[in-house]
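Engineer: Just one file: entry_10.pdb, with PDB, C-alpha atoms, pLDDT in the B column.
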ATOM      1  CA  SER A   1     106.232 120.733 228.784  1.00 82.00           C
ATOM      2  CA  GLN A   2     108.505 123.726 229.092  1.00 84.00           C
ATOM      3  CA  THR A   3     112.242 123.440 229.670  1.00 92.00           C
ATOM      4  CA  ILE A   4     114.886 126.090 230.235  1.00 96.00           C
ATOM      5  CA  HIS A   5     118.565 125.542 229.527  1.00 97.00           C
ATOM      6  CA  GLN A   6     121.603 127.546 230.520  1.00 97.00           C
ATOM      7  CA  TRP A   7     125.201 127.101 229.535  1.00 96.00           C
ATOM      8  CA  PRO A   8     127.864 126.838 230.488  1.00 96.00           C
ATOM      9  CA  ALA A   9     127.147 125.462 233.969  1.00 96.00           C
ATOM     10  CA  THR A  10     130.406 126.853 235.347  1.00 97.00           C
ATOM     11  CA  LEU A  11     132.913 129.343 234.000  1.00 97.00           C
ATOM     12  CA  VAL A  12     136.218 130.721 235.237  1.00 98.00           C
ATOM     13  CA  GLN A  13     137.379 133.838 233.420  1.00 97.00           C
ATOM     14  CA  PRO A  14     140.225 136.324 233.910  1.00 98.00           C
ATOM     15  CA  VAL A  15     139.524 139.967 234.635  1.00 98.00           C
ATOM     16  CA  GLY A  16     139.149 141.939 231.437  1.00 97.00           C
ATOM     17  CA  SER A  17     138.011 138.999 229.315  1.00 98.00           C
ATOM     18  CA  PRO A  18     134.671 138.925 227.459  1.00 97.00           C
ATOM     19  CA  LEU A  19     131.624 136.988 228.574  1.00 97.00           C
ATOM     20  CA  SER A  20     128.739 135.283 226.836  1.00 98.00           C
ATOM     21  CA  LEU A  21     126.130 133.276 228.727  1.00 98.00           C
ATOM     22  CA  GLU A  22     123.255 131.701 226.866  1.00 98.00           C
ATOM     23  CA  CYS A  23     119.738 130.772 227.889  1.00 98.00           C
ATOM     24  CA  THR A  24     117.138 128.977 225.784  1.00 98.00           C
ATOM     25  CA  VAL A  25     113.563 128.015 226.529  1.00 97.00           C
ATOM     26  CA  GLU A  26     111.624 125.167 224.941  1.00 96.00           C
ATOM     27  CA  GLY A  27     107.921 124.446 224.844  1.00 94.00           C
ATOM     28  CA  THR A  28     106.524 127.971 224.956  1.00 92.00           C
ATOM     29  CA  SER A  29     106.190 130.948 222.634  1.00 92.00           C
ATOM     30  CA  ASN A  30     106.839 134.631 223.273  1.00 94.00           C
ATOM     31  CA  PRO A  31     107.880 134.218 226.906  1.00 95.00           C
ATOM     32  CA  ASN A  32     109.151 137.039 229.066  1.00 96.00           C
ATOM     33  CA  LEU A  33     112.827 136.327 229.766  1.00 97.00           C
ATOM     34  CA  TYR A  34     114.945 137.447 232.706  1.00 97.00           C
ATOM     35  CA  TRP A  35     118.580 137.505 233.833  1.00 97.00           C
ATOM     36  CA  TYR A  36     119.298 137.540 237.564  1.00 96.00           C
ATOM     37  CA  ARG A  37     122.525 137.511 239.541  1.00 95.00           C
ATOM     38  CA  GLN A  38     122.861 135.969 242.971  1.00 93.00           C
ATOM     39  CA  ALA A  39     125.845 136.611 245.219  1.00 85.00           C
ATOM     40  CA  ALA A  40     126.816 133.800 247.597  1.00 78.00           C
ATOM     41  CA  GLY A  41     124.160 133.299 250.248  1.00 71.00           C
ATOM     42  CA  ARG A  42     122.233 136.340 249.101  1.00 78.00           C
ATOM     43  CA  GLY A  43     119.009 137.184 247.361  1.00 87.00           C
ATOM     44  CA  LEU A  44     118.285 137.580 243.676  1.00 93.00           C
ATOM     45  CA  GLN A  45     119.090 140.752 241.776  1.00 91.00           C
ATOM     46  CA  LEU A  46     117.259 141.359 238.507  1.00 93.00           C
ATOM     47  CA  LEU A  47     119.697 142.469 235.801  1.00 95.00           C
ATOM     48  CA  PHE A  48     117.684 142.495 232.572  1.00 96.00           C
ATOM     49  CA  TYR A  49     114.314 141.427 231.271  1.00 95.00           C
ATOM     50  CA  SER A  50     112.791 141.123 227.823  1.00 96.00           C
ATOM     51  CA  VAL A  51     109.179 141.009 226.674  1.00 95.00           C
ATOM     52  CA  GLY A  52     110.031 140.243 223.041  1.00 95.00           C
ATOM     53  CA  ILE A  53     112.728 139.873 220.398  1.00 96.00           C
ATOM     54  CA  GLY A  54     115.114 142.811 220.490  1.00 93.00           C
ATOM     55  CA  GLN A  55     113.359 144.374 223.515  1.00 95.00           C
ATOM     56  CA  ILE A  56     115.655 144.640 226.542  1.00 95.00           C
ATOM     57  CA  SER A  57     115.068 146.500 229.795  1.00 93.00           C
ATOM     58  CA  SER A  58     118.055 147.088 232.058  1.00 92.00           C
ATOM     59  CA  GLU A  59     117.566 147.215 235.801  1.00 89.00           C
ATOM     60  CA  VAL A  60     121.093 147.847 237.036  1.00 83.00           C
ATOM     61  CA  PRO A  61     123.668 150.035 235.226  1.00 68.00           C
ATOM     62  CA  GLN A  62     126.874 148.043 234.885  1.00 81.00           C
ATOM     63  CA  ASN A  63     129.275 146.591 232.350  1.00 90.00           C
ATOM     64  CA  LEU A  64     126.874 143.795 231.380  1.00 95.00           C
ATOM     65  CA  SER A  65     124.477 143.768 228.448  1.00 96.00           C
ATOM     66  CA  ALA A  66     121.745 141.445 227.227  1.00 97.00           C
ATOM     67  CA  SER A  67     120.343 140.539 223.848  1.00 97.00           C
ATOM     68  CA  ARG A  68     117.401 138.524 222.577  1.00 97.00           C
ATOM     69  CA  PRO A  69     118.155 137.509 218.995  1.00 96.00           C
ATOM     70  CA  GLN A  70     115.375 134.899 218.863  1.00 96.00           C
ATOM     71  CA  ASP A  71     112.048 134.425 220.627  1.00 96.00           C
ATOM     72  CA  ARG A  72     113.343 131.802 223.050  1.00 96.00           C
ATOM     73  CA  GLN A  73     117.006 132.792 223.313  1.00 97.00           C
ATOM     74  CA  PHE A  74     118.449 135.254 225.812  1.00 98.00           C
ATOM     75  CA  ILE A  75     122.146 136.130 225.982  1.00 98.00           C
ATOM     76  CA  LEU A  76     124.098 137.911 228.712  1.00 97.00           C
ATOM     77  CA  SER A  77     127.357 139.518 227.637  1.00 97.00           C
ATOM     78  CA  SER A  78     130.235 141.632 228.766  1.00 97.00           C
ATOM     79  CA  LYS A  79     133.143 143.116 226.842  1.00 96.00           C
ATOM     80  CA  LYS A  80     135.451 143.225 229.877  1.00 96.00           C
ATOM     81  CA  LEU A  81     134.734 141.319 233.075  1.00 96.00           C
ATOM     82  CA  LEU A  82     135.359 142.804 236.513  1.00 95.00           C
ATOM     83  CA  LEU A  83     136.086 140.901 239.724  1.00 95.00           C
ATOM     84  CA  SER A  84     132.714 142.062 241.009  1.00 93.00           C
ATOM     85  CA  ASP A  85     130.962 140.225 238.160  1.00 95.00           C
ATOM     86  CA  SER A  86     131.556 136.906 239.922  1.00 94.00           C
ATOM     87  CA  GLY A  87     128.356 135.227 241.020  1.00 95.00           C
ATOM     88  CA  PHE A  88     125.598 132.807 240.159  1.00 97.00           C
ATOM     89  CA  TYR A  89     123.673 133.877 237.055  1.00 97.00           C
ATOM     90  CA  LEU A  90     120.138 132.681 236.625  1.00 98.00           C
ATOM     91  CA  CYS A  91     117.890 132.877 233.603  1.00 98.00           C
ATOM     92  CA  ALA A  92     114.124 132.699 234.058  1.00 98.00           C
ATOM     93  CA  TRP A  93     111.014 132.720 231.907  1.00 97.00           C
ATOM     94  CA  SER A  94     107.369 133.525 232.392  1.00 94.00           C
ATOM     95  CA  ALA A  95     104.295 133.318 230.185  1.00 89.00           C
ATOM     96  CA  GLY A  96     101.778 134.309 232.839  1.00 86.00           C
ATOM     97  CA  ARG A  97     102.068 135.283 236.451  1.00 88.00           C
ATOM     98  CA  SER A  98     104.454 132.504 237.513  1.00 93.00           C
ATOM     99  CA  GLU A  99     108.173 132.513 236.750  1.00 96.00           C
ATOM    100  CA  TYR A 100     110.498 129.536 236.259  1.00 97.00           C
ATOM    101  CA  PHE A 101     114.258 129.432 236.664  1.00 97.00           C
ATOM    102  CA  GLY A 102     117.029 127.680 234.813  1.00 97.00           C
ATOM    103  CA  PRO A 103     119.823 125.701 236.485  1.00 97.00           C
ATOM    104  CA  GLY A 104     122.200 128.672 236.617  1.00 97.00           C
ATOM    105  CA  THR A 105     125.785 129.463 235.606  1.00 97.00           C
ATOM    106  CA  ARG A 106     128.477 129.836 238.274  1.00 97.00           C
ATOM    107  CA  LEU A 107     130.897 132.551 237.085  1.00 97.00           C
ATOM    108  CA  THR A 108     134.208 133.127 238.816  1.00 97.00           C
ATOM    109  CA  VAL A 109     136.313 136.067 237.689  1.00 97.00           C
ATOM    110  CA  LEU A 110     139.960 135.862 238.750  1.00 96.00           C
TER     111      LEU A 110
ATOM    112  CA  GLY B   1     110.470 150.934 245.049  1.00 53.00           C
ATOM    113  CA  GLN B   2     108.639 147.847 246.215  1.00 62.00           C
ATOM    114  CA  GLN B   3     110.291 145.827 248.968  1.00 72.00           C
ATOM    115  CA  LEU B   4     109.609 142.473 250.551  1.00 90.00           C
ATOM    116  CA  ASN B   5     110.470 141.626 254.127  1.00 95.00           C
ATOM    117  CA  GLN B   6     110.951 137.899 254.589  1.00 96.00           C
ATOM    118  CA  SER B   7     111.320 136.352 258.033  1.00 97.00           C
ATOM    119  CA  PRO B   8     112.932 134.645 259.670  1.00 97.00           C
ATOM    120  CA  GLN B   9     116.275 134.898 257.888  1.00 95.00           C
ATOM    121  CA  SER B  10     117.283 131.478 259.190  1.00 96.00           C
ATOM    122  CA  MET B  11     115.759 128.593 261.096  1.00 96.00           C
ATOM    123  CA  PHE B  12     117.332 125.674 262.931  1.00 96.00           C
ATOM    124  CA  ILE B  13     114.821 122.949 263.727  1.00 96.00           C
ATOM    125  CA  GLN B  14     114.583 119.285 264.596  1.00 96.00           C
ATOM    126  CA  GLU B  15     113.407 116.769 262.035  1.00 96.00           C
ATOM    127  CA  GLY B  16     109.662 116.314 262.312  1.00 96.00           C
ATOM    128  CA  GLU B  17     108.938 119.862 263.457  1.00 97.00           C
ATOM    129  CA  ASP B  18     106.640 122.215 261.588  1.00 97.00           C
ATOM    130  CA  VAL B  19     108.062 125.341 259.933  1.00 97.00           C
ATOM    131  CA  SER B  20     106.484 128.704 259.268  1.00 98.00           C
ATOM    132  CA  MET B  21     107.894 131.664 257.358  1.00 98.00           C
ATOM    133  CA  ASN B  22     106.301 134.785 255.983  1.00 97.00           C
ATOM    134  CA  CYS B  23     106.721 137.777 253.729  1.00 97.00           C
ATOM    135  CA  THR B  24     105.262 141.237 253.983  1.00 96.00           C
ATOM    136  CA  SER B  25     105.135 143.969 251.399  1.00 93.00           C
ATOM    137  CA  SER B  26     104.840 147.732 251.553  1.00 89.00           C
ATOM    138  CA  SER B  27     102.472 147.647 248.576  1.00 89.00           C
ATOM    139  CA  ILE B  28      99.727 145.476 247.127  1.00 92.00           C
ATOM    140  CA  PHE B  29     100.640 142.386 245.119  1.00 93.00           C
ATOM    141  CA  ASN B  30      98.463 140.385 242.745  1.00 93.00           C
ATOM    142  CA  THR B  31     100.696 137.301 242.764  1.00 95.00           C
ATOM    143  CA  TRP B  32     102.704 135.562 245.463  1.00 96.00           C
ATOM    144  CA  LEU B  33     105.204 132.827 244.625  1.00 97.00           C
ATOM    145  CA  TRP B  34     107.240 130.585 246.911  1.00 98.00           C
ATOM    146  CA  TYR B  35     110.507 128.989 245.770  1.00 98.00           C
ATOM    147  CA  LYS B  36     113.043 126.565 247.232  1.00 98.00           C
ATOM    148  CA  GLN B  37     116.700 126.704 246.232  1.00 97.00           C
ATOM    149  CA  ASP B  38     119.207 123.930 246.844  1.00 95.00           C
ATOM    150  CA  PRO B  39     122.948 124.757 246.816  1.00 91.00           C
ATOM    151  CA  GLY B  40     124.289 125.332 243.310  1.00 92.00           C
ATOM    152  CA  GLU B  41     120.890 125.045 241.650  1.00 95.00           C
ATOM    153  CA  GLY B  42     118.205 127.388 240.402  1.00 96.00           C
ATOM    154  CA  PRO B  43     115.143 128.145 242.535  1.00 97.00           C
ATOM    155  CA  VAL B  44     112.248 125.740 242.045  1.00 97.00           C
ATOM    156  CA  LEU B  45     108.688 127.037 242.174  1.00 97.00           C
ATOM    157  CA  LEU B  46     106.796 125.382 245.036  1.00 98.00           C
ATOM    158  CA  ILE B  47     103.475 127.203 245.198  1.00 98.00           C
ATOM    159  CA  ALA B  48     101.842 130.010 243.220  1.00 97.00           C
ATOM    160  CA  LEU B  49      99.042 132.165 244.674  1.00 97.00           C
ATOM    161  CA  TYR B  50      96.911 134.439 242.518  1.00 95.00           C
ATOM    162  CA  LYS B  51      93.985 135.590 244.659  1.00 95.00           C
ATOM    163  CA  ALA B  52      93.669 137.311 248.039  1.00 95.00           C
ATOM    164  CA  GLY B  53      92.751 134.779 250.717  1.00 96.00           C
ATOM    165  CA  GLU B  54      93.800 131.822 248.581  1.00 96.00           C
ATOM    166  CA  LEU B  55      95.157 128.862 250.542  1.00 97.00           C
ATOM    167  CA  THR B  56      97.062 126.296 248.495  1.00 97.00           C
ATOM    168  CA  SER B  57      98.813 123.064 249.441  1.00 97.00           C
ATOM    169  CA  ASN B  58     101.542 121.067 247.749  1.00 95.00           C
ATOM    170  CA  GLY B  59     102.135 117.906 249.773  1.00 97.00           C
ATOM    171  CA  ARG B  60     103.406 118.965 253.199  1.00 97.00           C
ATOM    172  CA  LEU B  61     103.623 122.596 252.091  1.00 98.00           C
ATOM    173  CA  THR B  62     100.821 125.104 252.543  1.00 98.00           C
ATOM    174  CA  ALA B  63     100.879 128.750 251.513  1.00 98.00           C
ATOM    175  CA  GLN B  64      98.366 131.551 251.799  1.00 98.00           C
ATOM    176  CA  PHE B  65      97.849 134.838 249.991  1.00 97.00           C
ATOM    177  CA  GLY B  66      97.053 137.380 252.687  1.00 97.00           C
ATOM    178  CA  ILE B  67      93.656 139.029 252.611  1.00 96.00           C
ATOM    179  CA  THR B  68      95.253 142.499 252.596  1.00 95.00           C
ATOM    180  CA  ARG B  69      97.305 141.444 249.500  1.00 94.00           C
ATOM    181  CA  LYS B  70     100.415 142.653 251.305  1.00 95.00           C
ATOM    182  CA  ASP B  71     101.578 139.399 252.877  1.00 97.00           C
ATOM    183  CA  SER B  72     101.935 135.665 252.431  1.00 98.00           C
ATOM    184  CA  PHE B  73     103.089 132.752 254.538  1.00 98.00           C
ATOM    185  CA  LEU B  74     104.506 129.307 253.857  1.00 98.00           C
ATOM    186  CA  ASN B  75     104.152 126.401 256.258  1.00 98.00           C
ATOM    187  CA  ILE B  76     105.985 123.091 256.087  1.00 98.00           C
ATOM    188  CA  SER B  77     104.604 120.288 258.211  1.00 98.00           C
ATOM    189  CA  ALA B  78     106.604 117.393 259.650  1.00 97.00           C
ATOM    190  CA  SER B  79     109.945 118.526 258.221  1.00 97.00           C
ATOM    191  CA  ILE B  80     112.325 115.988 256.715  1.00 96.00           C
ATOM    192  CA  PRO B  81     116.038 116.302 255.851  1.00 95.00           C
ATOM    193  CA  SER B  82     115.387 117.071 252.166  1.00 96.00           C
ATOM    194  CA  ASP B  83     113.513 120.229 253.200  1.00 97.00           C
ATOM    195  CA  VAL B  84     116.892 121.825 253.918  1.00 97.00           C
ATOM    196  CA  GLY B  85     117.579 124.779 251.647  1.00 96.00           C
ATOM    197  CA  ILE B  86     116.777 128.433 251.124  1.00 96.00           C
ATOM    198  CA  TYR B  87     113.153 129.456 250.656  1.00 97.00           C
ATOM    199  CA  PHE B  88     112.300 132.632 248.769  1.00 97.00           C
ATOM    200  CA  CYS B  89     109.051 134.484 248.521  1.00 97.00           C
ATOM    201  CA  ALA B  90     108.360 136.640 245.487  1.00 96.00           C
ATOM    202  CA  GLY B  91     105.560 138.971 244.580  1.00 94.00           C
ATOM    203  CA  ARG B  92     104.281 140.622 241.464  1.00 91.00           C
ATOM    204  CA  GLY B  93     102.758 144.039 241.972  1.00 86.00           C
ATOM    205  CA  ILE B  94     100.319 145.946 239.864  1.00 78.00           C
ATOM    206  CA  GLN B  95     102.885 148.536 238.894  1.00 69.00           C
ATOM    207  CA  GLY B  96     105.914 146.987 237.238  1.00 62.00           C
ATOM    208  CA  ALA B  97     103.953 143.783 236.711  1.00 74.00           C
ATOM    209  CA  GLN B  98     106.610 142.386 234.373  1.00 80.00           C
ATOM    210  CA  LYS B  99     109.025 142.018 237.271  1.00 89.00           C
ATOM    211  CA  LEU B 100     109.025 139.976 240.461  1.00 92.00           C
ATOM    212  CA  VAL B 101     110.134 141.405 243.788  1.00 92.00           C
ATOM    213  CA  PHE B 102     112.006 138.852 245.922  1.00 93.00           C
ATOM    214  CA  GLY B 103     112.435 138.415 249.637  1.00 94.00           C
ATOM    215  CA  GLN B 104     115.943 137.875 250.976  1.00 93.00           C
ATOM    216  CA  GLY B 105     115.299 134.218 251.730  1.00 95.00           C
ATOM    217  CA  THR B 106     114.896 131.953 254.741  1.00 96.00           C
ATOM    218  CA  ARG B 107     117.686 129.420 255.258  1.00 96.00           C
ATOM    219  CA  LEU B 108     116.288 126.220 256.761  1.00 97.00           C
ATOM    220  CA  THR B 109     118.603 123.839 258.613  1.00 97.00           C
ATOM    221  CA  ILE B 110     117.291 120.570 260.048  1.00 94.00           C
ATOM    222  CA  ASN B 111     118.955 118.570 262.800  1.00 87.00           C
ATOM    223  CA  PRO B 112     118.236 114.847 262.428  1.00 79.00           C
TER     224      PRO B 112
END
Please, can you express the file's structure as structure tokens?
Structural biologist:
Amino acid sequence: SQTIHQWPATLVQPVGSPLSLECTVEGTSNPNLYWYRQAAGRGLQLLFYSVGIGQISSEVPQNLSASRPQDRQFILSSKKLLLSDSGFYLCAWSAGRSEYFGPGTRLTVL
Amino acid sequence: GQQLNQSPQSMFIQEGEDVSMNCTSSSIFNTWLWYKQDPGEGPVLLIALYKAGELTSNGRLTAQFGITRKDSFLNISASIPSDVGIYFCAGRGIQGAQKLVFGQGTRLTINP
């Protein structure tokens, strides 16, 4: 069966510091991969998606970037975090018409 | 762009009551998905609908893909305390089929 992992589970970072969040999927090949951000009590905002290695589509211009170095690995990065980057970051995968989410990373920027 | 209207935004009910929520779209979708999210966790897929008119159940949950392909509803029968959470609808349109469009969520609170 398929499994999706995200780490770290929680992160507290100072403003201006770099960021790297990692997502890996097991049990499937060539999935579509997604990064979402969710503000407290709000809906889901799609940040990036990828249909294959090295292929990244950006949905929202901002100081975040994404990379897909391997088929089942998706990384969200920033060179300098802003206060507004705080939130709950979710990775998701799909290999058909359904989409499945990871457990999320809670990021607090101070 | 495509938008989903999900209602109600919140519900306060008594344990044992039935619940109904729905989503409507301004454009045609070929997939409707319903998720439940508990605090601090990722959304969990409850029901997936792939065909107009499809009615699918998962235990006490029932969801339908509207015949116009622009709406879907989710019903929960005989609610229990563990049903508390935020429910999201999501749709996949024909254009931009790689991406889901999400509703803003329905927050369900249950009084015992």
Engineer: Residues of chain A no more than 10 Å from chain B, counting all atoms listed in the file: send them over as a ChimeraX atom specification.
Structural biologist: /A:9,32-34,40-46,48-51,88-92,94,96-106
Engineer: Box in all listed atoms of stretch 71-90 of chain A, axis-aligned, with 8 Å more on each side; write out centre and edge lengths in Å to one decimal as AutoDock Vina command-line options.
Structural biologist:
--center_x 124.1 --center_y 137.5 --center_z 230.8 --size_x 40.0 --size_y 27.4 --size_z 36.4
Engineer: Expressed in Å to a single decimal, how great is the separation between atom CA of B:Cys89 and atom CA of A:Gly87?
Structural biologist: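 The value is 20.7 Å.
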Engineer: Take the PyMOL selection byres ((chain B and resi 79) around 8), run it mentally on this structure, and tell me the resulting residues as a ChimeraX atom specification.
Structural biologist: /B:14-19,76-78,80-81,83,110
Engineer: Need the shell around A:Ser67: protein/DNA/RNA residues with any atom at most 10 Å away, counting all atoms listed in the file. Skip same-chain ones fewer than 2 positions apart. Format as an MDAnalysis selection string?
Structural biologist: chainID A and resid 22 48:50 53:57 65 69:70 73:77
Engineer: Could you state the separation of atom CA of B:Ser82 and atom CA of B:Gly53 in Å, given to one decimal place?
Structural biologist: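 So the two atoms, atom CA of B:Ser82 and atom CA of B:Gly53, lie 28.8 Å apart.
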